[in-house]
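Here the structure is laid out as structure tokens; the discussion comes afterwards.
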Amino acid sequence: MKSVEEITAAIEAAVPGAGVTVIPNGSSSGQHSLLLDPRTAMDVARFLRDDAELALDFLSNVTGVDYLDKEVTEKVKVLRPVTKTVEGVEQTVQETVEELRKHTEPGYLETVYHLYSMAEKHGPVVLRMRTANRTDKVELPSFTPIWRSAEFQEREVFDLFGIVFTGHPDLRRILMWEEFKDHPMRRDYVEPDDFEYEPTAHDDVLARAKKHHARVAEYQAAGEGQ
Amino acid sequence: MKTRATTSGHALEDWNRPPVFETEGEGELLEVSMGPHHPSTHGVFRMDVALDGERVVKLKPVFGYLHRNHEQLAQTQSYLASMPYTDRLDYFCSMTNNWAYALAVEKLVGQAVPERAEYIRVILAELTRVQNHASAIGFLIQEMGASGTPLMYAFREREKILDLFESLSGSRMMCNYMRFGGCRVDPSPVWLDEARKVVAGLPQFVDEFEALLSGNEILMARTQGIGILKPELAVNAGVTGPMLRGSGVNYDIRKVDHYGVYDRFKFRVPLGGQGDVFDRYMVRVLEMRESISILEQALKDVPGGPIMDPKAKIRGFRPKPGEVYGRIEAPKGELGFYLISDGGPNPYRYRVRPPSLINLTVLEDMCLGHNVADVVLIFGSVDIVLGEVDR
């Protein structure tokens, strides 16, 4: 089994400009992962499957991870005009002042793929892809045309995380029902009070009765005025 | 049969899709919704089937009736607190579910497991495999129309194994037995003797089962040449377990990963030749025999020593930031757990790789062109549990 660096070099040689970054893993499992660029990911994936030495023909696990927007506070040194009293005379002097600045690092959604080789019996090779943000740019290429095992698992990631896989042949919700709106595996998901609330005929009758009472009250009020 | 038209011009990318069937004649397609309470669906599972006469021309599985977001639940509590919940994934094989989860966490923190615990784990996993395969075959034959007898033969044997589980862990099916760095209770010498007695009776059961079924003319007529799965498609679609080996692909994680102490036992990996329902049945029967052989070897000399690593951290269990994917050969296929730790007491991300769900990817490919009665058989030969499919 090749090391992550060797696999990266092989990918860069086969797909020029692939833009693969190694993400180190701090745990004792030592499963480092490769961050792919979504634009070249399909070519890289096809290379990984068809290369005779790697022969990663078995895509075992597909899953999503959600990272929220992070608020980072850092100290910045800034040049500032400061009013000072020097020897009895008031002056304005340029001085460097330390200041706390806050900015938000945008969150992202991530897909993780675990690849093994059934022909060579080695693995795993871990691939990752990240979306640009968590709200509107959530498209990633689908690996289903290359590995069929991604079909249901990518549907699950779409359902629970809301990542849209372009090129997936049948992208529908899989575990939640079709009419469901949110994505329950996101970190900021809030449960509705009533999962199965549906407006019923009873609600219509109630609404009509309310309207009727309001009209009666209006009529009576008008009658008293005369 | 017409091949699917491709947009890019080369058919290579499309070989792993289910074929598109053209209808014969003028008749309309009949759409049948099999399930969610069909007796053959092992729980709440639905197949939307389009029929041309008796022939299936389209089949879409529908999931989610048992979905309870097990993954979100596990992310809101500590690592150990999810252990009892893993029992409820594949409720036929809670011991292997426990093992897969414990293995992933042990890999995450670099925890060693004492030798005695490894032996006990192997014994329990192989007992689980025997009872799972026996009941899977029992259900398959039940769906074929042999109502009762083979299933009851299987359940008689399963009951003996579940009694062993109960006397060890306190529960027949929801065992909650394994811990990070070992097992919960030490089996007594009496329990080991009982286990040896049960295992000594198993070869006779398999012989009896096979004498009843394997040569049966009706079984052969109903299962041979039905639901063929090609090895290339099986690999590409991530099919694992007896279904993959029924198609003739030699891939058993016990042999590939050498997890636990499996490299100390001699066993063979049975392979099918045709990839039909009969091969999947036969692979399960032969795997039961191999499991019995592993059990005999493991029970011969169970080493002494602690059942739990004394250095294992239990209170304030907070793994270093990092991630892990750990997997084992569960009776239904590759069961994996993917965990991300951010240094806190709860996993940041907890994911189960369910073999039952992923093995169903190729259900449509196997069923197209067959009769409805065969769909029931093909579905039965996949061997799923809905607790794991929907999670």
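Identifiers in this document derive from the order of the structure tokens: chains are assigned A, B, ..., residues are numbered from 1 separately in each chain, and ligands are numbered from 1 in order of occurrence.
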Which of region 138-222 of chain A end up as strand (DSSP E or B) when DSSP is run on this backbone - answer as a ChimeraX atom specification?
/A:139-141,164-166
List as CSV every residue of chain A that is in contact with chain B, defined as an atom at most 7 Å from one of its atoms (using only C-alpha atoms), together with the nearest atom pair and the distance in Å rounded to one decimal, sorted by chain and then rising number.
residue,atom,partner,partner_atom,distance
A:Asn25,CA,B:Gly322,CA,5.3
A:Gly26,CA,B:Gly322,CA,4.6
A:Ser27,CA,B:Gly322,CA,4.4
A:Ser28,CA,B:Gly110,CA,5.5
A:Ser29,CA,B:Lys107,CA,5.5
A:Gln31,CA,B:Val324,CA,6.7
A:Asp57,CA,B:Asn236,CA,6.4
A:Phe58,CA,B:Gly238,CA,5.9
A:Leu59,CA,B:Gly238,CA,6.1
A:Ser60,CA,B:Gly238,CA,6.0
A:Asn61,CA,B:Arg353,CA,6.1
A:Val65,CA,B:Arg349,CA,6.8
A:Met118,CA,B:Tyr251,CA,6.6
A:Lys121,CA,B:Val256,CA,6.5
A:Pro145,CA,B:Glu13,CA,6.0
A:Ile146,CA,B:Glu13,CA,6.9
A:Trp147,CA,B:Asn236,CA,5.3
A:Arg148,CA,B:Ala237,CA,4.4
A:Ser149,CA,B:Ala237,CA,4.0
A:Phe152,CA,B:Thr361,CA,6.7
A:Ile174,CA,B:Phe63,CA,6.1
A:Leu175,CA,B:Gly64,CA,4.0
A:Met176,CA,B:Gly64,CA,6.1
A:Met185,CA,B:Gln72,CA,6.2
Take the residues from that selection and write them out as a short mmCIF file (atom, residue, chain, number, x, y, z; two decimals), in the first residue's frame, keeping N, CA and C atoms.
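Output saved as again_24.cif:
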data_model
loop_
_atom_site.label_atom_id
_atom_site.label_comp_id
_atom_site.auth_asym_id
_atom_site.auth_seq_id
_atom_site.Cartn_x
_atom_site.Cartn_y
_atom_site.Cartn_z
N ASN A 25 -4.31 13.34 10.00
CA ASN A 25 -5.26 12.83 10.99
C ASN A 25 -4.52 12.67 12.31
N GLY A 26 -5.01 13.31 13.35
CA GLY A 26 -4.30 13.32 14.62
C GLY A 26 -4.47 12.07 15.46
N SER A 27 -5.43 11.20 15.12
CA SER A 27 -5.68 10.05 15.99
C SER A 27 -4.68 8.94 15.70
N SER A 28 -4.71 7.89 16.53
CA SER A 28 -3.73 6.82 16.36
C SER A 28 -4.08 5.89 15.21
N SER A 29 -5.20 6.13 14.52
CA SER A 29 -5.54 5.27 13.39
C SER A 29 -4.63 5.54 12.20
N GLN A 31 -5.18 7.31 9.57
CA GLN A 31 -5.84 7.35 8.27
C GLN A 31 -5.89 8.80 7.79
N ASP A 57 -11.21 -0.38 -6.42
CA ASP A 57 -12.46 -0.69 -7.11
C ASP A 57 -13.66 -0.70 -6.18
N PHE A 58 -13.44 -0.56 -4.87
CA PHE A 58 -14.51 -0.76 -3.91
C PHE A 58 -14.66 0.51 -3.07
N LEU A 59 -15.75 1.25 -3.30
CA LEU A 59 -16.06 2.43 -2.50
C LEU A 59 -16.93 1.96 -1.35
N SER A 60 -16.32 1.92 -0.17
CA SER A 60 -17.04 1.31 0.95
C SER A 60 -18.02 2.27 1.59
N ASN A 61 -17.55 3.43 1.98
CA ASN A 61 -18.35 4.29 2.84
C ASN A 61 -18.41 5.69 2.27
N VAL A 65 -20.21 15.52 6.55
CA VAL A 65 -19.90 16.15 7.83
C VAL A 65 -20.27 17.61 7.69
N MET A 118 -10.47 -4.40 -3.74
CA MET A 118 -10.76 -5.82 -3.58
C MET A 118 -9.77 -6.66 -4.37
N LYS A 121 -6.45 -5.95 -2.32
CA LYS A 121 -6.70 -6.14 -0.88
C LYS A 121 -5.93 -5.15 -0.02
N PRO A 145 -21.63 7.50 -11.00
CA PRO A 145 -21.26 6.86 -12.28
C PRO A 145 -19.99 6.03 -12.19
N ILE A 146 -19.11 6.33 -11.26
CA ILE A 146 -17.84 5.60 -11.16
C ILE A 146 -17.98 4.41 -10.23
N TRP A 147 -18.56 4.65 -9.03
CA TRP A 147 -18.82 3.55 -8.09
C TRP A 147 -20.31 3.54 -7.80
N ARG A 148 -20.95 2.47 -8.18
CA ARG A 148 -22.40 2.39 -8.00
C ARG A 148 -22.78 2.41 -6.52
N SER A 149 -21.86 1.98 -5.62
CA SER A 149 -22.21 1.91 -4.20
C SER A 149 -22.50 3.28 -3.62
N PHE A 152 -27.08 4.99 -3.10
CA PHE A 152 -27.96 5.19 -1.95
C PHE A 152 -27.31 6.07 -0.89
N ILE A 174 -34.17 9.82 0.81
CA ILE A 174 -34.20 8.36 0.96
C ILE A 174 -34.79 7.95 2.31
N LEU A 175 -34.41 8.60 3.40
CA LEU A 175 -34.89 8.18 4.72
C LEU A 175 -36.07 9.04 5.18
N MET A 176 -36.01 10.34 4.94
CA MET A 176 -37.13 11.21 5.28
C MET A 176 -38.13 11.17 4.14
N MET A 185 -29.44 16.11 9.84
CA MET A 185 -28.12 15.84 10.40
C MET A 185 -27.26 17.10 10.50
#
Tyr177 (chain B) environment, 9 Å, only C-alpha atoms, sequence neighbours closer than 5 positions dropped, as JSON, numbers by chain
{"B": [83, 84, 94, 95, 98, 99, 168, 169, 183, 184, 185]}
So, with only C-alpha atoms as the atoms that count, which of A:His103, A:Glu218, A:Tyr108, A:Pro38 lies closest to Arg187 (chain A)?
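Between A:His103, A:Glu218, A:Tyr108, A:Pro38, the residue approaching Arg187 (chain A) most closely is A:Tyr108.
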Which one of B:Asn132, B:Leu368, B:Leu213, B:Cys175 sits closest to Ala146 (chain B) if you count only C-alpha atoms?
B:Leu213
Tell me, which residues of region 107-188 of chain A carry DSSP helix (DSSP H, G or I), written as an MDAnalysis selection string?
chainID A and resid 150:161
Since we have the selection now, will you write its residues out, keeping N, CA and C atoms, as a PDB file, in the first residue's frame?
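Final file, selection_34.pdb:
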ATOM      1  N   ALA A 150     -22.128   4.341  -4.336  1.00  0.00           N
ATOM      2  CA  ALA A 150     -22.417   5.679  -3.821  1.00  0.00           C
ATOM      3  C   ALA A 150     -23.881   6.041  -4.005  1.00  0.00           C
ATOM      4  N   GLU A 151     -24.637   5.253  -4.787  1.00  0.00           N
ATOM      5  CA  GLU A 151     -25.979   5.688  -5.184  1.00  0.00           C
ATOM      6  C   GLU A 151     -26.865   5.983  -3.968  1.00  0.00           C
ATOM      7  N   PHE A 152     -27.077   4.994  -3.101  1.00  0.00           N
ATOM      8  CA  PHE A 152     -27.965   5.190  -1.952  1.00  0.00           C
ATOM      9  C   PHE A 152     -27.306   6.065  -0.893  1.00  0.00           C
ATOM     10  N   GLN A 153     -25.991   5.936  -0.755  1.00  0.00           N
ATOM     11  CA  GLN A 153     -25.314   6.686   0.304  1.00  0.00           C
ATOM     12  C   GLN A 153     -25.285   8.174  -0.018  1.00  0.00           C
ATOM     13  N   GLU A 154     -25.130   8.537  -1.311  1.00  0.00           N
ATOM     14  CA  GLU A 154     -25.176   9.954  -1.663  1.00  0.00           C
ATOM     15  C   GLU A 154     -26.591  10.501  -1.525  1.00  0.00           C
ATOM     16  N   ARG A 155     -27.577   9.641  -1.808  1.00  0.00           N
ATOM     17  CA  ARG A 155     -28.957  10.067  -1.572  1.00  0.00           C
ATOM     18  C   ARG A 155     -29.158  10.361  -0.091  1.00  0.00           C
ATOM     19  N   GLU A 156     -28.545   9.546   0.760  1.00  0.00           N
ATOM     20  CA  GLU A 156     -28.677   9.752   2.203  1.00  0.00           C
ATOM     21  C   GLU A 156     -28.016  11.059   2.629  1.00  0.00           C
ATOM     22  N   VAL A 157     -26.820  11.332   2.064  1.00  0.00           N
ATOM     23  CA  VAL A 157     -26.125  12.577   2.401  1.00  0.00           C
ATOM     24  C   VAL A 157     -26.941  13.773   1.923  1.00  0.00           C
ATOM     25  N   PHE A 158     -27.535  13.660   0.740  1.00  0.00           N
ATOM     26  CA  PHE A 158     -28.406  14.725   0.222  1.00  0.00           C
ATOM     27  C   PHE A 158     -29.590  14.939   1.159  1.00  0.00           C
ATOM     28  N   ASP A 159     -30.158  13.835   1.624  1.00  0.00           N
ATOM     29  CA  ASP A 159     -31.348  13.902   2.470  1.00  0.00           C
ATOM     30  C   ASP A 159     -31.022  14.525   3.822  1.00  0.00           C
ATOM     31  N   LEU A 160     -29.976  14.034   4.469  1.00  0.00           N
ATOM     32  CA  LEU A 160     -29.719  14.413   5.857  1.00  0.00           C
ATOM     33  C   LEU A 160     -28.836  15.651   5.982  1.00  0.00           C
ATOM     34  N   PHE A 161     -28.001  15.957   4.971  1.00  0.00           N
ATOM     35  CA  PHE A 161     -27.099  17.101   5.069  1.00  0.00           C
ATOM     36  C   PHE A 161     -27.435  18.206   4.069  1.00  0.00           C
TER      37      PHE A 161
END
Looking at only C-alpha atoms, which of B:Leu286, B:Val122, B:Val302, B:Ile378 is the one that sits closest to Arg254 (chain B)?
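Nearest to Arg254 (chain B): B:Val122.
Put simply, CA of Leu80 (chain B) is 23.6 Å away from CA of Gly305 (chain B).
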Taking into account only C-alpha atoms, which residue in the set B:Arg318, B:Ser33, B:Arg121, B:His70 is nearest to Pro184 (chain A)?
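Under the stated criterion, the closest residue is B:His70.
Our summary of the geometry notes that CA of Asn133 (chain A) is positioned 13.0 Å from CA of Thr111 (chain A).
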What lies within 6 Å of Glu388 (chain B) using only C-alpha atoms, ignoring chain neighbours under 3 positions off, as a list of chain:residue names?
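So, after excluding close chain neighbours, the residues are B:Leu89, B:Asp90, B:Val385, B:Arg391.
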Would you save the residues from that selection as a short mmCIF file (atom, residue, chain, number, x, y, z; two decimals), in the first residue's frame, using N, CA, C and O atoms?
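Done, and the output landed in selection-v4.cif:
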data_model
loop_
_atom_site.label_atom_id
_atom_site.label_comp_id
_atom_site.auth_asym_id
_atom_site.auth_seq_id
_atom_site.Cartn_x
_atom_site.Cartn_y
_atom_site.Cartn_z
N LEU B 89 -29.30 -1.79 15.87
CA LEU B 89 -29.11 -1.63 14.42
C LEU B 89 -29.57 -2.90 13.72
O LEU B 89 -30.62 -2.95 13.10
N ASP B 90 -28.74 -3.92 13.82
CA ASP B 90 -29.09 -5.21 13.26
C ASP B 90 -29.41 -6.09 14.47
O ASP B 90 -28.52 -6.67 15.06
N VAL B 385 -31.88 -6.55 7.58
CA VAL B 385 -32.67 -6.26 8.77
C VAL B 385 -32.98 -4.77 8.72
O VAL B 385 -32.10 -3.95 8.51
N ARG B 391 -31.87 2.76 10.16
CA ARG B 391 -31.14 3.34 11.29
C ARG B 391 -31.94 4.42 11.99
O ARG B 391 -31.69 5.59 11.90
#
Which is closest to Ile384 (chain B) among B:Lys230, B:Arg116, B:Arg315, B:His42, if we use only C-alpha atoms?
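Using only C-alpha atoms, Ile384 (chain B) sits closest to B:His42.
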With distances taken over only C-alpha atoms, which residue among B:Ala117, B:Met220, B:Leu299, B:Ile228 lies nearest Gly272 (chain B)?
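Closest residue, counting only C-alpha atoms: B:Ile228.
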Grab the CA of Thr131 (chain A) to CA of Tyr79 (chain B) distance for me, in Å with one decimal place.
28.4 Å
Contacts of Trp191 (chain B) at 8 Å (only C-alpha atoms; same-chain gap of 3+ positions) as a tab-separated table (two decimals) with all heavy atoms, in the first residue's frame:
chain	number	residue	atom	x	y	z
B	164	LEU	N	-27.22	-18.99	25.46
B	164	LEU	CA	-25.83	-18.73	25.85
B	164	LEU	C	-25.60	-17.22	26.04
B	164	LEU	O	-25.00	-16.79	27.02
B	164	LEU	CB	-24.88	-19.23	24.78
B	164	LEU	CG	-24.54	-20.72	24.73
B	164	LEU	CD1	-23.59	-20.98	23.58
B	164	LEU	CD2	-23.90	-21.15	26.03
B	167	SER	N	-27.27	-16.03	29.26
B	167	SER	CA	-26.61	-16.36	30.52
B	167	SER	C	-25.31	-15.59	30.67
B	167	SER	O	-24.82	-15.40	31.78
B	167	SER	CB	-26.33	-17.87	30.59
B	167	SER	OG	-25.44	-18.24	29.58
B	168	LEU	N	-24.74	-15.10	29.57
B	168	LEU	CA	-23.50	-14.33	29.67
B	168	LEU	C	-23.77	-12.84	29.88
B	168	LEU	O	-23.18	-12.21	30.75
B	168	LEU	CB	-22.67	-14.53	28.39
B	168	LEU	CG	-21.30	-13.87	28.40
B	168	LEU	CD1	-20.44	-14.48	29.48
B	168	LEU	CD2	-20.62	-14.04	27.06
B	187	PRO	N	-16.67	-14.70	31.17
B	187	PRO	CA	-17.42	-15.95	31.16
B	187	PRO	C	-16.82	-16.97	32.12
B	187	PRO	O	-15.61	-17.11	32.20
B	187	PRO	CB	-17.32	-16.42	29.70
B	187	PRO	CG	-16.16	-15.70	29.15
B	187	PRO	CD	-16.01	-14.43	29.90
B	188	SER	N	-17.67	-17.67	32.83
B	188	SER	CA	-17.20	-18.67	33.79
B	188	SER	C	-16.82	-19.95	33.05
B	188	SER	O	-17.21	-20.15	31.90
B	188	SER	CB	-18.32	-18.97	34.78
B	188	SER	OG	-19.40	-19.54	34.08
B	194	GLU	N	-20.72	-25.07	28.60
B	194	GLU	CA	-22.04	-25.03	27.95
B	194	GLU	C	-21.88	-24.68	26.47
B	194	GLU	O	-22.50	-25.28	25.60
B	194	GLU	CB	-22.92	-23.99	28.63
B	194	GLU	CG	-23.57	-24.45	29.92
B	194	GLU	CD	-24.45	-25.67	29.71
B	194	GLU	OE1	-25.27	-25.65	28.77
B	194	GLU	OE2	-24.32	-26.64	30.48
B	195	ALA	N	-21.00	-23.68	26.20
B	195	ALA	CA	-20.75	-23.27	24.82
B	195	ALA	C	-20.17	-24.42	24.01
B	195	ALA	O	-20.57	-24.66	22.87
B	195	ALA	CB	-19.81	-22.06	24.79
Residues near Ala10 (chain A), anyone? I mean within 10 Å using only C-alpha atoms, not counting same-chain ones fewer than 3 positions away, as number ranges by chain.
A: 2, 4-7, 13-15, 47-48, 51, 54
Pick out the residues sitting within 7 Å of Glu110 (chain A), and hand them over as a PDB file with all heavy atoms, in the first residue's frame; count only C-alpha atoms, and ignore anything fewer than 5 positions along from it in its own chain.
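New file out.pdb:
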ATOM      1  N   GLY A  64     -21.334  12.421   5.060  1.00  0.00           N
ATOM      2  CA  GLY A  64     -21.196  13.867   5.101  1.00  0.00           C
ATOM      3  C   GLY A  64     -20.816  14.333   6.491  1.00  0.00           C
ATOM      4  O   GLY A  64     -21.043  13.634   7.475  1.00  0.00           O
ATOM      5  N   VAL A  65     -20.212  15.516   6.555  1.00  0.00           N
ATOM      6  CA  VAL A  65     -19.898  16.150   7.833  1.00  0.00           C
ATOM      7  C   VAL A  65     -20.271  17.614   7.692  1.00  0.00           C
ATOM      8  O   VAL A  65     -20.119  18.198   6.621  1.00  0.00           O
ATOM      9  CB  VAL A  65     -18.399  16.034   8.194  1.00  0.00           C
ATOM     10  CG1 VAL A  65     -18.163  16.457   9.623  1.00  0.00           C
ATOM     11  CG2 VAL A  65     -17.882  14.639   7.995  1.00  0.00           C
ATOM     12  N   ASP A  66     -20.779  18.192   8.757  1.00  0.00           N
ATOM     13  CA  ASP A  66     -21.201  19.588   8.734  1.00  0.00           C
ATOM     14  C   ASP A  66     -20.301  20.401   9.651  1.00  0.00           C
ATOM     15  O   ASP A  66     -20.096  20.022  10.800  1.00  0.00           O
ATOM     16  CB  ASP A  66     -22.671  19.675   9.194  1.00  0.00           C
ATOM     17  CG  ASP A  66     -23.194  21.086   9.121  1.00  0.00           C
ATOM     18  OD1 ASP A  66     -22.513  21.932   8.521  1.00  0.00           O
ATOM     19  OD2 ASP A  66     -24.298  21.337   9.641  1.00  0.00           O
ATOM     20  N   ARG A 128     -11.893  13.456   0.515  1.00  0.00           N
ATOM     21  CA  ARG A 128     -12.850  14.443   1.030  1.00  0.00           C
ATOM     22  C   ARG A 128     -13.096  15.482  -0.048  1.00  0.00           C
ATOM     23  O   ARG A 128     -12.239  15.742  -0.888  1.00  0.00           O
ATOM     24  CB  ARG A 128     -12.299  15.180   2.246  1.00  0.00           C
ATOM     25  CG  ARG A 128     -11.671  14.339   3.294  1.00  0.00           C
ATOM     26  CD  ARG A 128     -11.172  15.221   4.410  1.00  0.00           C
ATOM     27  NE  ARG A 128     -12.151  15.261   5.470  1.00  0.00           N
ATOM     28  CZ  ARG A 128     -12.164  14.389   6.480  1.00  0.00           C
ATOM     29  NH1 ARG A 128     -11.280  13.441   6.543  1.00  0.00           N
ATOM     30  NH2 ARG A 128     -13.074  14.470   7.417  1.00  0.00           N
ATOM     31  N   MET A 129     -14.283  16.072   0.026  1.00  0.00           N
ATOM     32  CA  MET A 129     -14.585  17.224  -0.825  1.00  0.00           C
ATOM     33  C   MET A 129     -15.373  18.211   0.013  1.00  0.00           C
ATOM     34  O   MET A 129     -16.139  17.801   0.876  1.00  0.00           O
ATOM     35  CB  MET A 129     -15.418  16.796  -2.034  1.00  0.00           C
ATOM     36  CG  MET A 129     -14.603  16.328  -3.215  1.00  0.00           C
ATOM     37  SD  MET A 129     -15.611  16.187  -4.667  1.00  0.00           S
ATOM     38  CE  MET A 129     -16.548  14.739  -4.336  1.00  0.00           C
ATOM     39  N   ARG A 130     -15.179  19.505  -0.243  1.00  0.00           N
ATOM     40  CA  ARG A 130     -15.872  20.514   0.550  1.00  0.00           C
ATOM     41  C   ARG A 130     -16.679  21.444  -0.336  1.00  0.00           C
ATOM     42  O   ARG A 130     -16.245  21.798  -1.431  1.00  0.00           O
ATOM     43  CB  ARG A 130     -14.859  21.337   1.348  1.00  0.00           C
ATOM     44  CG  ARG A 130     -14.295  20.557   2.497  1.00  0.00           C
ATOM     45  CD  ARG A 130     -13.196  21.282   3.195  1.00  0.00           C
ATOM     46  NE  ARG A 130     -12.607  20.394   4.192  1.00  0.00           N
ATOM     47  CZ  ARG A 130     -11.512  20.665   4.878  1.00  0.00           C
ATOM     48  NH1 ARG A 130     -10.883  21.793   4.670  1.00  0.00           N
ATOM     49  NH2 ARG A 130     -11.054  19.815   5.761  1.00  0.00           N
ATOM     50  N   THR A 131     -17.836  21.852   0.157  1.00  0.00           N
ATOM     51  CA  THR A 131     -18.639  22.831  -0.563  1.00  0.00           C
ATOM     52  C   THR A 131     -18.139  24.223  -0.214  1.00  0.00           C
ATOM     53  O   THR A 131     -17.416  24.417   0.759  1.00  0.00           O
ATOM     54  CB  THR A 131     -20.125  22.720  -0.166  1.00  0.00           C
ATOM     55  OG1 THR A 131     -20.225  22.980   1.237  1.00  0.00           O
ATOM     56  CG2 THR A 131     -20.682  21.354  -0.451  1.00  0.00           C
TER      57      THR A 131
END
